[in-house]
file coords_23.txt (compact mmCIF, C-alpha atoms and all ligand atoms)
# COMPACT_ATOMS: atom_id res chain seq x y z
CA MET A 442 -6.95 7.91 27.24
CA PRO A 443 -3.43 6.88 26.06
CA HIS A 444 -2.18 7.49 22.55
CA ALA A 445 -0.76 4.68 20.44
CA LYS A 446 2.91 5.04 19.54
CA ILE A 447 4.99 3.24 16.96
CA ALA A 448 7.18 1.18 19.28
CA GLY A 449 8.94 -0.76 16.54
CA ILE A 450 9.20 -0.57 12.76
CA GLY A 451 10.63 -2.89 10.10
CA CYS A 452 10.65 -3.37 6.37
CA TYR A 453 11.74 -5.93 3.80
CA VAL A 454 12.25 -5.84 0.05
CA PRO A 455 13.22 -8.88 -2.01
CA GLU A 456 16.79 -9.15 -3.31
CA ARG A 457 15.95 -9.30 -7.00
CA VAL A 458 16.28 -5.86 -8.59
CA VAL A 459 14.34 -5.38 -11.85
CA THR A 460 15.39 -2.24 -13.70
CA ASN A 461 13.31 -0.46 -16.32
CA HIS A 462 15.80 -1.76 -18.85
CA ASP A 463 15.19 -5.34 -17.62
CA LEU A 464 11.46 -4.85 -18.22
CA THR A 465 12.03 -3.94 -21.86
CA ALA A 466 13.03 -7.58 -22.46
CA PHE A 467 9.40 -8.65 -22.01
CA ILE A 468 7.26 -5.47 -22.10
CA GLU A 469 6.91 -2.97 -24.91
CA THR A 470 8.19 0.00 -22.92
CA SER A 471 11.29 2.12 -22.32
CA ASP A 472 13.34 3.41 -19.41
CA GLU A 473 12.70 6.94 -20.67
CA TRP A 474 8.88 6.52 -20.71
CA ILE A 475 8.78 5.03 -17.21
CA GLN A 476 11.16 7.53 -15.61
CA GLU A 477 9.57 10.55 -17.24
CA ARG A 478 6.00 9.61 -16.22
CA THR A 479 6.60 7.98 -12.83
CA GLY A 480 10.15 8.63 -11.59
CA ILE A 481 10.66 4.87 -11.19
CA LYS A 482 14.11 3.47 -12.06
CA GLU A 483 13.81 -0.04 -10.65
CA ARG A 484 11.63 -2.23 -8.45
CA ARG A 485 12.03 -5.52 -6.56
CA TYR A 486 10.39 -8.83 -7.49
CA ALA A 487 10.05 -11.64 -4.97
CA LYS A 488 11.36 -15.15 -5.59
CA LYS A 489 8.46 -17.21 -6.89
CA HIS A 490 7.83 -20.44 -4.95
CA GLU A 491 10.14 -19.20 -2.18
CA GLU A 492 8.47 -15.98 -1.06
CA THR A 493 4.87 -14.87 -0.70
CA THR A 494 3.10 -11.74 0.47
CA THR A 495 2.87 -13.30 3.93
CA THR A 496 6.51 -14.38 4.17
CA MET A 497 7.65 -10.89 3.16
CA GLY A 498 5.27 -9.44 5.75
CA ALA A 499 6.76 -11.79 8.32
CA ARG A 500 10.31 -10.61 7.60
CA ALA A 501 9.28 -6.99 8.14
CA ALA A 502 7.20 -7.93 11.20
CA ARG A 503 10.07 -9.79 12.91
CA ILE A 504 12.22 -6.66 12.71
CA ALA A 505 9.40 -4.45 14.03
CA ILE A 506 8.72 -6.89 16.89
CA GLU A 507 12.38 -7.01 17.89
CA ARG A 508 12.72 -3.23 17.77
CA ALA A 509 9.61 -2.92 19.94
CA GLY A 510 11.38 -5.03 22.55
CA ILE A 511 8.78 -7.79 22.55
CA THR A 512 8.49 -11.32 21.16
CA ALA A 513 5.94 -12.70 18.69
CA GLU A 514 4.15 -14.32 21.63
CA ASP A 515 3.43 -10.84 23.03
CA VAL A 516 1.46 -9.77 19.93
CA ASP A 517 -2.22 -9.34 20.87
CA PHE A 518 -3.65 -8.57 17.47
CA ILE A 519 -2.50 -8.62 13.82
CA ILE A 520 -3.83 -6.32 11.10
CA PHE A 521 -2.67 -7.18 7.57
CA ALA A 522 -3.23 -4.88 4.60
CA THR A 523 -2.71 -6.21 1.07
CA LEU A 524 -4.33 -6.44 -2.35
CA SER A 525 -2.14 -9.41 -3.39
CA PRO A 526 -2.86 -12.06 -0.75
CA ASP A 527 -1.41 -15.59 -0.80
CA TYR A 528 -4.94 -17.03 -1.03
CA TYR A 529 -8.34 -15.65 -2.02
CA PHE A 530 -9.25 -16.85 1.46
CA PRO A 531 -8.24 -17.22 4.26
CA GLY A 532 -6.47 -13.88 4.47
CA CYS A 533 -2.82 -13.16 5.18
CA GLY A 534 -3.48 -12.30 8.84
CA VAL A 535 -3.81 -15.92 9.95
CA LEU A 536 -0.97 -17.02 7.65
CA LEU A 537 1.27 -14.41 9.25
CA GLN A 538 0.22 -15.56 12.70
CA ARG A 539 1.32 -19.09 11.75
CA GLU A 540 4.52 -17.87 10.08
CA LEU A 541 5.54 -15.88 13.15
CA GLY A 542 4.66 -18.70 15.50
CA VAL A 543 2.09 -16.68 17.43
CA THR A 544 0.59 -19.80 18.88
CA HIS A 545 -1.75 -18.36 21.50
CA CYS A 546 -5.23 -18.19 20.00
CA GLU A 547 -6.17 -15.05 21.94
CA ALA A 548 -4.39 -13.06 19.21
CA GLY A 549 -7.03 -12.08 16.67
CA THR A 550 -6.23 -11.20 13.07
CA LEU A 551 -7.89 -8.86 10.60
CA ASP A 552 -7.33 -8.41 6.87
CA ILE A 553 -7.72 -4.99 5.30
CA ARG A 554 -8.66 -4.58 1.64
CA ASN A 555 -8.05 -0.92 0.95
CA GLN A 556 -5.24 -1.16 -1.58
CA CYS A 557 -2.86 1.84 -1.53
CA SER A 558 -4.62 3.26 1.54
CA GLY A 559 -4.56 -0.14 3.23
CA PHE A 560 -1.77 0.67 5.66
CA LEU A 561 -3.45 3.94 6.72
CA TYR A 562 -6.71 2.07 7.33
CA ALA A 563 -4.87 -0.68 9.23
CA LEU A 564 -2.96 1.83 11.34
CA SER A 565 -6.15 3.67 12.15
CA VAL A 566 -7.91 0.49 13.32
CA GLY A 567 -4.88 -0.52 15.40
CA ASN A 568 -4.78 2.96 16.90
CA GLN A 569 -8.38 2.61 18.08
CA PHE A 570 -7.70 -0.78 19.71
CA VAL A 571 -4.71 0.61 21.61
CA ARG A 572 -6.38 3.89 22.59
CA GLY A 573 -9.43 2.04 23.83
CA GLY A 574 -7.25 -0.15 26.04
CA VAL A 575 -8.30 -3.35 24.23
CA TYR A 576 -4.77 -4.41 23.18
CA LYS A 577 -1.20 -3.53 24.23
CA ASN A 578 0.78 -4.83 21.24
CA VAL A 579 -0.87 -4.50 17.85
CA LEU A 580 1.13 -5.61 14.80
CA VAL A 581 0.19 -3.67 11.65
CA VAL A 582 1.56 -4.98 8.35
CA GLY A 583 1.39 -3.81 4.73
CA ALA A 584 2.80 -6.25 2.16
CA GLU A 585 2.45 -6.90 -1.56
CA MET A 586 3.66 -9.44 -4.08
CA HIS A 587 2.47 -7.71 -7.24
CA SER A 588 4.90 -9.50 -9.53
CA MET A 589 2.80 -12.66 -9.55
CA GLY A 590 -0.31 -10.88 -10.85
CA LEU A 591 0.68 -8.35 -13.49
CA ASP A 592 -0.27 -8.19 -17.15
CA PHE A 593 3.08 -8.07 -18.94
CA SER A 594 1.42 -7.74 -22.34
CA THR A 595 1.05 -4.33 -24.00
CA ARG A 596 -2.56 -4.19 -22.70
CA GLY A 597 -1.37 -3.93 -19.10
CA ARG A 598 1.90 -2.04 -19.44
CA ASN A 599 0.63 1.24 -17.91
CA VAL A 600 0.12 -0.67 -14.63
CA SER A 601 2.78 -3.39 -14.72
CA VAL A 602 5.74 -1.01 -14.99
CA ILE A 603 4.62 0.81 -11.83
CA PHE A 604 4.28 -2.00 -9.30
CA GLY A 605 6.91 -3.69 -7.13
CA ASP A 606 7.05 -6.13 -4.21
CA GLY A 607 7.88 -5.55 -0.56
CA ALA A 608 6.61 -5.27 3.01
CA GLY A 609 6.59 -2.98 6.01
CA ALA A 610 5.36 -3.40 9.58
CA VAL A 611 4.92 -1.51 12.82
CA VAL A 612 4.12 -2.50 16.39
CA LEU A 613 1.70 -0.15 18.15
CA GLN A 614 1.83 0.21 21.92
CA PRO A 615 0.13 2.62 24.34
CA THR A 616 2.03 5.65 25.57
CA GLU A 617 1.12 7.98 28.43
CA GLU A 618 3.73 10.54 27.27
CA PRO A 619 1.68 13.70 26.61
CA GLY A 620 1.46 14.68 22.94
CA GLN A 621 3.37 11.60 21.72
CA GLY A 622 2.26 8.94 19.23
CA ILE A 623 -0.57 8.93 16.71
CA LEU A 624 -2.36 12.27 17.13
CA THR A 625 -5.10 11.81 14.55
CA THR A 626 -6.15 9.65 11.58
CA HIS A 627 -8.57 10.43 8.75
CA LEU A 628 -10.11 7.93 6.33
CA HIS A 629 -12.25 8.51 3.23
CA SER A 630 -13.64 6.68 0.23
CA ASN A 631 -15.69 7.19 -2.92
CA GLY A 632 -17.06 3.96 -4.35
CA THR A 633 -18.49 5.61 -7.46
CA GLU A 634 -15.05 5.18 -9.08
CA ALA A 635 -14.53 1.60 -7.88
CA GLU A 636 -13.73 0.12 -11.31
CA GLN A 637 -11.29 2.86 -12.34
CA LEU A 638 -8.46 1.01 -10.61
CA ALA A 639 -9.40 -2.60 -10.02
CA VAL A 640 -9.00 -6.31 -10.54
CA ILE A 641 -12.58 -7.30 -11.33
CA GLY A 642 -12.30 -11.02 -11.98
CA PRO A 643 -12.92 -13.47 -10.54
CA GLY A 644 -15.78 -12.15 -8.45
CA SER A 645 -19.48 -12.48 -7.81
CA HIS A 646 -20.55 -9.59 -10.08
CA GLY A 647 -20.98 -11.68 -13.23
CA GLY A 648 -21.58 -8.62 -15.39
CA TYR A 649 -23.87 -6.90 -12.87
CA TYR A 650 -22.05 -3.55 -12.94
CA GLY A 651 -21.85 -2.75 -16.60
CA ASN A 652 -21.31 -3.62 -20.20
CA ARG A 653 -17.55 -3.50 -20.48
CA GLU A 654 -16.21 -6.45 -22.42
CA GLU A 655 -14.19 -7.71 -19.47
CA TYR A 656 -17.31 -7.99 -17.28
CA ASN A 657 -18.96 -10.46 -19.61
CA PHE A 658 -17.35 -13.72 -18.62
CA PRO A 659 -18.46 -16.56 -20.89
CA GLU A 660 -21.66 -18.45 -20.02
CA SER A 661 -20.96 -21.75 -18.34
CA GLU A 662 -22.39 -25.12 -19.25
CA PHE A 663 -24.56 -24.70 -16.15
CA GLY A 664 -26.41 -21.75 -17.70
CA ASP A 665 -27.31 -19.17 -15.07
CA ILE A 666 -25.08 -20.77 -12.49
CA PHE A 667 -22.02 -18.67 -12.97
CA VAL A 668 -18.53 -20.13 -13.11
CA TYR A 669 -15.31 -18.39 -14.03
CA ASP A 670 -14.38 -20.35 -17.14
CA GLY A 671 -12.51 -18.22 -19.61
CA PHE A 672 -12.17 -14.94 -17.78
CA GLU A 673 -8.40 -15.03 -18.34
CA ALA A 674 -8.86 -14.09 -21.97
CA THR A 675 -10.51 -10.79 -21.00
CA GLY A 676 -7.66 -9.65 -18.74
CA ALA A 677 -10.19 -9.08 -15.95
CA HIS A 678 -7.95 -10.90 -13.49
CA PHE A 679 -5.21 -8.28 -13.99
CA PRO A 680 -5.16 -4.77 -12.52
CA ASN A 681 -6.87 -2.24 -14.79
CA MET A 682 -6.31 1.45 -14.24
CA ASN A 683 -7.62 4.71 -15.62
CA GLY A 684 -4.25 6.30 -14.88
CA GLN A 685 -5.17 9.86 -15.76
CA LEU A 686 -8.27 9.89 -13.55
CA VAL A 687 -6.27 8.35 -10.69
CA PHE A 688 -3.57 11.00 -11.13
CA LYS A 689 -6.01 13.94 -11.29
CA THR A 690 -7.97 12.77 -8.25
CA ALA A 691 -4.86 11.91 -6.22
CA VAL A 692 -3.31 15.38 -6.55
CA VAL A 693 -6.50 16.88 -5.07
CA LYS A 694 -7.18 14.30 -2.35
CA PHE A 695 -3.62 14.07 -0.98
CA PRO A 696 -3.37 17.76 0.04
CA GLU A 697 -7.01 17.76 1.18
CA VAL A 698 -6.62 14.86 3.60
CA ILE A 699 -3.26 16.14 4.88
CA MET A 700 -4.82 19.54 5.58
CA GLU A 701 -7.69 17.78 7.38
CA ALA A 702 -5.19 16.17 9.79
CA LEU A 703 -3.34 19.46 10.30
CA ASN A 704 -6.53 21.44 10.89
CA LYS A 705 -7.79 18.87 13.40
CA THR A 706 -4.61 19.22 15.48
CA GLY A 707 -4.01 22.96 15.00
CA TYR A 708 -0.85 22.61 12.90
CA GLN A 709 0.25 24.24 9.62
CA PRO A 710 2.01 22.55 6.69
CA SER A 711 5.22 24.29 7.85
CA ASP A 712 5.01 22.34 11.15
CA ILE A 713 5.47 19.01 9.34
CA ASP A 714 8.99 17.64 9.84
CA MET A 715 8.52 14.71 7.48
CA LEU A 716 5.77 13.85 4.99
CA ILE A 717 5.63 10.20 3.93
CA PRO A 718 3.26 10.01 0.96
CA HIS A 719 2.15 6.70 -0.51
CA GLN A 720 4.66 6.06 -3.31
CA ALA A 721 2.21 6.03 -6.22
CA ASN A 722 4.09 8.16 -8.68
CA LEU A 723 6.95 10.61 -8.07
CA ARG A 724 5.06 13.27 -10.05
CA ILE A 725 2.12 13.00 -7.65
CA SER A 726 4.44 13.37 -4.62
CA GLN A 727 6.14 16.39 -6.20
CA PHE A 728 2.78 18.00 -6.89
CA VAL A 729 1.69 17.47 -3.27
CA GLN A 730 5.02 18.83 -1.99
CA LYS A 731 4.58 21.99 -4.08
CA THR A 732 0.95 22.47 -3.05
CA LEU A 733 1.89 22.31 0.64
CA GLY A 734 5.04 24.41 0.16
CA LEU A 735 7.35 21.78 1.70
CA SER A 736 11.13 21.86 1.18
CA ASP A 737 12.90 18.76 -0.21
CA GLU A 738 14.10 17.64 3.27
CA LYS A 739 10.50 17.44 4.49
CA ILE A 740 9.26 14.78 2.10
CA PHE A 741 10.55 11.23 1.68
CA ASN A 742 10.40 9.39 -1.65
CA ASN A 743 11.85 5.99 -2.50
CA ILE A 744 9.60 5.07 -5.45
CA GLN A 745 12.71 5.42 -7.64
CA LYS A 746 14.07 2.19 -6.07
CA TYR A 747 10.94 0.19 -5.32
CA GLY A 748 8.11 1.35 -7.60
CA ASN A 749 4.61 1.39 -6.16
CA THR A 750 4.34 -1.28 -3.47
CA THR A 751 0.75 -0.30 -2.63
CA ALA A 752 -0.11 -1.24 1.00
CA ALA A 753 3.61 -1.68 1.74
CA SER A 754 4.77 1.67 0.38
CA VAL A 755 4.02 3.87 3.40
CA PRO A 756 5.59 1.56 6.04
CA ILE A 757 8.65 0.86 3.83
CA ALA A 758 9.20 4.60 3.28
CA LEU A 759 8.58 5.37 6.96
CA CYS A 760 11.03 2.65 7.97
CA GLU A 761 13.75 3.85 5.59
CA ALA A 762 13.27 7.48 6.62
CA TRP A 763 13.66 6.48 10.27
CA GLU A 764 16.60 4.11 9.65
CA THR A 765 18.50 6.83 7.76
CA GLY A 766 17.99 9.36 10.56
CA LYS A 767 15.56 11.53 8.61
CA ILE A 768 12.95 11.08 11.36
CA LYS A 769 14.03 11.88 14.92
CA ALA A 770 12.34 11.72 18.31
CA GLY A 771 9.85 14.56 18.66
CA ASP A 772 9.35 15.07 14.90
CA LEU A 773 5.88 15.69 13.50
CA VAL A 774 5.42 12.99 10.85
CA CYS A 775 2.54 12.97 8.39
CA LEU A 776 1.48 9.84 6.48
CA ALA A 777 -0.92 10.07 3.54
CA ALA A 778 -2.24 7.72 0.87
CA PHE A 779 -4.66 7.58 -2.03
CA GLY A 780 -5.61 4.66 -4.24
CA SER A 781 -8.07 2.15 -5.57
CA GLY A 782 -11.62 2.33 -4.24
CA PHE A 783 -11.14 5.24 -4.40
CA THR A 784 -9.90 5.32 -0.81
CA TRP A 785 -7.61 7.82 0.86
CA GLY A 786 -6.38 8.72 4.32
CA SER A 787 -3.85 10.48 6.52
CA ALA A 788 -2.25 10.17 9.95
CA LEU A 789 -0.28 12.65 12.02
CA ILE A 790 2.29 11.21 14.43
CA ARG A 791 4.49 12.87 17.05
CA TRP A 792 7.51 10.54 16.87
N1 LIG B 1 5.51 2.16 -21.83
C1 LIG B 1 5.37 2.84 -22.97
N2 LIG B 1 4.21 3.39 -23.36
C2 LIG B 1 3.15 3.23 -22.56
C3 LIG B 1 3.23 2.53 -21.35
C4 LIG B 1 4.47 1.97 -21.00
N3 LIG B 1 4.65 1.29 -19.85
N4 LIG B 1 2.01 2.54 -20.75
C5 LIG B 1 1.20 3.23 -21.55
N5 LIG B 1 1.88 3.65 -22.66
C6 LIG B 1 1.41 4.44 -23.77
C7 LIG B 1 -0.07 4.23 -24.03
O1 LIG B 1 -0.30 3.14 -24.88
C8 LIG B 1 -0.43 5.55 -24.67
O2 LIG B 1 -0.01 5.50 -26.02
P1 LIG B 1 -0.87 6.28 -27.17
O3 LIG B 1 -0.82 7.73 -26.79
O4 LIG B 1 -0.11 5.95 -28.41
O5 LIG B 1 -2.25 5.72 -27.08
C9 LIG B 1 0.45 6.57 -23.96
O6 LIG B 1 1.55 5.82 -23.42
C10 LIG B 1 -0.26 7.29 -22.83
O7 LIG B 1 -0.92 6.29 -22.03
P2 LIG B 1 -1.66 6.63 -20.71
O8 LIG B 1 -2.14 5.37 -20.07
O9 LIG B 1 -2.69 7.70 -21.00
O10 LIG B 1 -0.46 7.21 -19.87
P3 LIG B 1 -0.44 8.36 -18.80
O11 LIG B 1 0.12 9.58 -19.38
O12 LIG B 1 -1.75 8.46 -18.07
O13 LIG B 1 0.62 7.79 -17.78
C11 LIG B 1 0.63 6.64 -15.69
C12 LIG B 1 0.36 6.54 -17.19
C13 LIG B 1 2.09 6.85 -15.47
C14 LIG B 1 0.22 5.31 -15.10
C15 LIG B 1 -0.15 7.79 -15.07
O14 LIG B 1 -1.48 7.80 -15.52
C16 LIG B 1 -0.17 7.72 -13.57
O15 LIG B 1 0.85 7.73 -12.91
N6 LIG B 1 -1.34 7.67 -12.97
C17 LIG B 1 -1.46 7.52 -11.55
C18 LIG B 1 -1.21 6.13 -11.18
C19 LIG B 1 -1.24 5.96 -9.73
O16 LIG B 1 -0.91 6.84 -8.97
N7 LIG B 1 -1.64 4.84 -9.25
C20 LIG B 1 -1.60 4.72 -7.83
C21 LIG B 1 -2.60 3.97 -7.33
S1 LIG B 1 -2.22 2.29 -7.49
C22 LIG B 1 -3.30 1.53 -6.41
O17 LIG B 1 -4.04 2.10 -5.69
C23 LIG B 1 -3.37 0.06 -6.46

call {"tool": "encode", "arguments": {"input": "coords_23.txt", "output": "structure tokens"}}
result
Amino acid sequence: MPHAKIAGIGCYVPERVVTNHDLTAFIETSDEWIQERTGIKERRYAKKHEETTTTMGARAARIAIERAGITAEDVDFIIFATLSPDYYFPGCGVLLQRELGVTHCEAGTLDIRNQCSGFLYALSVGNQFVRGGVYKNVLVVGAEMHSMGLDFSTRGRNVSVIFGDGAGAVVLQPTEEPGQGILTTHLHSNGTEAEQLAVIGPGSHGGYYGNREEYNFPESEFGDIFVYDGFEATGAHFPNMNGQLVFKTAVVKFPEVIMEALNKTGYQPSDIDMLIPHQANLRISQFVQKTLGLSDEKIFNNIQKYGNTTAASVPIALCEAWETGKIKAGDLVCLAAFGSGFTWGSALIRW
């Protein structure tokens, strides 16, 4: 059975740089607070009405496709991970297909809703399609346009200062080269903490899951027939996060899922040439680095420049690490992510 290799990689971040200082113009926060807690100095915001999650994904995808030595017409299957889609439905997969001009209808598309772990889930699904011989060119994209859905009031500042916009993409192809490509992937979840990092409105729950104020959307004039009138006032349509629980769980699950990948393949932490953690918070990455005993050259962080771009963070970081020569042919590269769901995952790749 062949392995799947990353045949092409690309990333895109919008031009507009928003520094912590810029944020203080409309959020009650400070550069000092943000840098001390998260390591973030600036992030990118997309141009409203000109860019969307899909168009950013397309820019990254075009680069990945070109570097893979194929054309958009060669793409057999598209997997798109995001929590900030252009539409509630249909998903970004079909929009990307249209944007790229993949006109042959044999190319299927799949949307992945696993937030910060979305790219790891997408990569893992793509890997299975390639390994099983179903597809030869699978396009895997992670993209987010957070800036259009953040709560810039004091209520939401713990989340809004973290997030940024951007996109990353890879093309997976089969390789017969022994020991090359994606060696293993590991995916996990724990739905008992689903609301600890979530956008809960609008949705079909209508108060089903609990008594928190934001669950109780106002009754509609149609009585029991639920409509979404008025949910905006509750803030339920913005991301809500129990930051401390996310932090505490992440620093346990990151090393755990990385060790799972290493144990499966018979490697040690010292064998890793480059760790690309999901860029959630620089403090989380530093904690993981210390736990695994990795030197500074063996971990890549760019959250300082881009903030947390959720499903896009791993492919953007992977792309930048590769473009700057920090990942070379033959390197053992580990990807890992943890986020809303809770969901988490890892992948080990021989580059
Ligand atoms: N600026 C200034 N003050 C703030 C801000 C802000 N942006 N946000 C919160 N505060 C204040 C709070 O009001 C609170 O003030 P108080 O003590 O007077 O009540 C104080 O700072 C502490 O607030 P906390 O929310 O408890 O802040 P915490 O120390 O937990 O830090 C942070 C927040 C940075 C978000 C941290 O919890 C964290 O990084 N958690 C992990 C987040 C993460 O990794 N998310 C990734 C997943 S994202 C995804 O999957 C979609």

call {"tool": "residues_near_point", "arguments": {"input": "coords_23.txt", "point": "(-2.6, 0.6, 5.7)", "cutoff": "12 Å", "atoms": "only C-alpha atoms", "output": "NGL selection string"}}
result
:A and (520-524 or 551-568 or 580-585 or 608-611 or 626-628 or 719 or 750-757 or 776-780 or 784-788)

call {"tool": "closest_residue", "arguments": {"input": "coords_23.txt", "among": "A:Phe604, A:Phe688, A:Tyr708, A:Tyr576", "to": "ligand LIG 1 (chain B)", "atoms": "only C-alpha atoms and all ligand atoms"}}
result
A:Phe688

call {"tool": "axis_aligned_box", "arguments": {"input": "coords_23.txt", "around": "segment 512-522 of chain A", "padding_each_side": "4 Å", "output": "JSON"}}
result
{"center_x": 2.3, "center_y": -9.6, "center_z": 13.8, "size_x": 20.3, "size_y": 17.4, "size_z": 26.4}

call {"tool": "residues_around", "arguments": {"input": "coords_23.txt", "residues": "Ser471 of chain A", "least_positions_apart": "6", "cutoff": "9 Å", "atoms": "all atoms listed in the file", "output": "PyMOL selection string"}}
result
chain A and resi 461-462+464-465

call {"tool": "atom_distance", "arguments": {"input": "coords_23.txt", "atom1": "atom CA of Arg791 of chain A", "atom2": "atom CA of Asn578 of chain A"}}
result
18.6 Å

call {"tool": "atom_distance", "arguments": {"input": "coords_23.txt", "atom1": "atom CA of Val687 of chain A", "atom2": "atom O14 of ligand LIG 1 (chain B)"}}
result
6.8 Å

call {"tool": "atom_distance", "arguments": {"input": "coords_23.txt", "atom1": "atom CA of Arg484 of chain A", "atom2": "atom S1 of ligand LIG 1 (chain B)"}}
result
14.6 Å

call {"tool": "build_atoms", "arguments": {"input": "coords_23.txt", "residues": "segment 687-704 of chain A", "atoms": "N, CA, C and O atoms", "output": "PDB file, in the frame of the given file"}}
result
ATOM      1  N   VAL A 687      -6.914   8.600 -11.985  1.00  0.00           N
ATOM      2  CA  VAL A 687      -6.270   8.350 -10.690  1.00  0.00           C
ATOM      3  C   VAL A 687      -5.327   9.512 -10.361  1.00  0.00           C
ATOM      4  O   VAL A 687      -5.347  10.063  -9.254  1.00  0.00           O
ATOM      5  N   PHE A 688      -4.539   9.913 -11.337  1.00  0.00           N
ATOM      6  CA  PHE A 688      -3.570  11.000 -11.130  1.00  0.00           C
ATOM      7  C   PHE A 688      -4.297  12.291 -10.743  1.00  0.00           C
ATOM      8  O   PHE A 688      -3.969  12.922  -9.726  1.00  0.00           O
ATOM      9  N   LYS A 689      -5.299  12.663 -11.532  1.00  0.00           N
ATOM     10  CA  LYS A 689      -6.010  13.940 -11.290  1.00  0.00           C
ATOM     11  C   LYS A 689      -6.703  13.953  -9.936  1.00  0.00           C
ATOM     12  O   LYS A 689      -6.743  14.971  -9.254  1.00  0.00           O
ATOM     13  N   THR A 690      -7.261  12.820  -9.542  1.00  0.00           N
ATOM     14  CA  THR A 690      -7.970  12.770  -8.250  1.00  0.00           C
ATOM     15  C   THR A 690      -6.961  12.771  -7.100  1.00  0.00           C
ATOM     16  O   THR A 690      -7.158  13.444  -6.088  1.00  0.00           O
ATOM     17  N   ALA A 691      -5.869  12.026  -7.293  1.00  0.00           N
ATOM     18  CA  ALA A 691      -4.860  11.910  -6.220  1.00  0.00           C
ATOM     19  C   ALA A 691      -4.269  13.276  -5.864  1.00  0.00           C
ATOM     20  O   ALA A 691      -4.091  13.581  -4.679  1.00  0.00           O
ATOM     21  N   VAL A 692      -3.973  14.101  -6.856  1.00  0.00           N
ATOM     22  CA  VAL A 692      -3.310  15.380  -6.550  1.00  0.00           C
ATOM     23  C   VAL A 692      -4.243  16.351  -5.820  1.00  0.00           C
ATOM     24  O   VAL A 692      -3.789  17.320  -5.225  1.00  0.00           O
ATOM     25  N   VAL A 693      -5.544  16.066  -5.855  1.00  0.00           N
ATOM     26  CA  VAL A 693      -6.500  16.880  -5.070  1.00  0.00           C
ATOM     27  C   VAL A 693      -6.669  16.274  -3.680  1.00  0.00           C
ATOM     28  O   VAL A 693      -6.620  16.975  -2.666  1.00  0.00           O
ATOM     29  N   LYS A 694      -6.848  14.959  -3.626  1.00  0.00           N
ATOM     30  CA  LYS A 694      -7.180  14.300  -2.350  1.00  0.00           C
ATOM     31  C   LYS A 694      -6.001  14.252  -1.370  1.00  0.00           C
ATOM     32  O   LYS A 694      -6.203  14.322  -0.158  1.00  0.00           O
ATOM     33  N   PHE A 695      -4.784  14.092  -1.881  1.00  0.00           N
ATOM     34  CA  PHE A 695      -3.620  14.070  -0.980  1.00  0.00           C
ATOM     35  C   PHE A 695      -3.545  15.352  -0.136  1.00  0.00           C
ATOM     36  O   PHE A 695      -3.577  15.277   1.104  1.00  0.00           O
ATOM     37  N   PRO A 696      -3.468  16.536  -0.772  1.00  0.00           N
ATOM     38  CA  PRO A 696      -3.370  17.760   0.040  1.00  0.00           C
ATOM     39  C   PRO A 696      -4.598  17.955   0.940  1.00  0.00           C
ATOM     40  O   PRO A 696      -4.464  18.385   2.088  1.00  0.00           O
ATOM     41  N   GLU A 697      -5.773  17.577   0.417  1.00  0.00           N
ATOM     42  CA  GLU A 697      -7.010  17.760   1.180  1.00  0.00           C
ATOM     43  C   GLU A 697      -6.984  16.976   2.496  1.00  0.00           C
ATOM     44  O   GLU A 697      -7.277  17.507   3.566  1.00  0.00           O
ATOM     45  N   VAL A 698      -6.583  15.714   2.406  1.00  0.00           N
ATOM     46  CA  VAL A 698      -6.620  14.860   3.600  1.00  0.00           C
ATOM     47  C   VAL A 698      -5.458  15.181   4.557  1.00  0.00           C
ATOM     48  O   VAL A 698      -5.577  14.989   5.767  1.00  0.00           O
ATOM     49  N   ILE A 699      -4.368  15.684   4.014  1.00  0.00           N
ATOM     50  CA  ILE A 699      -3.260  16.140   4.880  1.00  0.00           C
ATOM     51  C   ILE A 699      -3.702  17.392   5.639  1.00  0.00           C
ATOM     52  O   ILE A 699      -3.496  17.507   6.857  1.00  0.00           O
ATOM     53  N   MET A 700      -4.348  18.310   4.927  1.00  0.00           N
ATOM     54  CA  MET A 700      -4.820  19.540   5.580  1.00  0.00           C
ATOM     55  C   MET A 700      -5.870  19.210   6.656  1.00  0.00           C
ATOM     56  O   MET A 700      -5.931  19.863   7.697  1.00  0.00           O
ATOM     57  N   GLU A 701      -6.677  18.193   6.401  1.00  0.00           N
ATOM     58  CA  GLU A 701      -7.690  17.780   7.380  1.00  0.00           C
ATOM     59  C   GLU A 701      -7.006  17.384   8.705  1.00  0.00           C
ATOM     60  O   GLU A 701      -7.446  17.781   9.787  1.00  0.00           O
ATOM     61  N   ALA A 702      -5.924  16.602   8.591  1.00  0.00           N
ATOM     62  CA  ALA A 702      -5.190  16.170   9.790  1.00  0.00           C
ATOM     63  C   ALA A 702      -4.549  17.367  10.495  1.00  0.00           C
ATOM     64  O   ALA A 702      -4.567  17.459  11.734  1.00  0.00           O
ATOM     65  N   LEU A 703      -3.988  18.273   9.709  1.00  0.00           N
ATOM     66  CA  LEU A 703      -3.340  19.460  10.300  1.00  0.00           C
ATOM     67  C   LEU A 703      -4.374  20.352  10.981  1.00  0.00           C
ATOM     68  O   LEU A 703      -4.170  20.832  12.100  1.00  0.00           O
ATOM     69  N   ASN A 704      -5.493  20.576  10.312  1.00  0.00           N
ATOM     70  CA  ASN A 704      -6.530  21.440  10.890  1.00  0.00           C
ATOM     71  C   ASN A 704      -7.084  20.867  12.187  1.00  0.00           C
ATOM     72  O   ASN A 704      -7.352  21.593  13.145  1.00  0.00           O
TER      73      ASN A 704
END
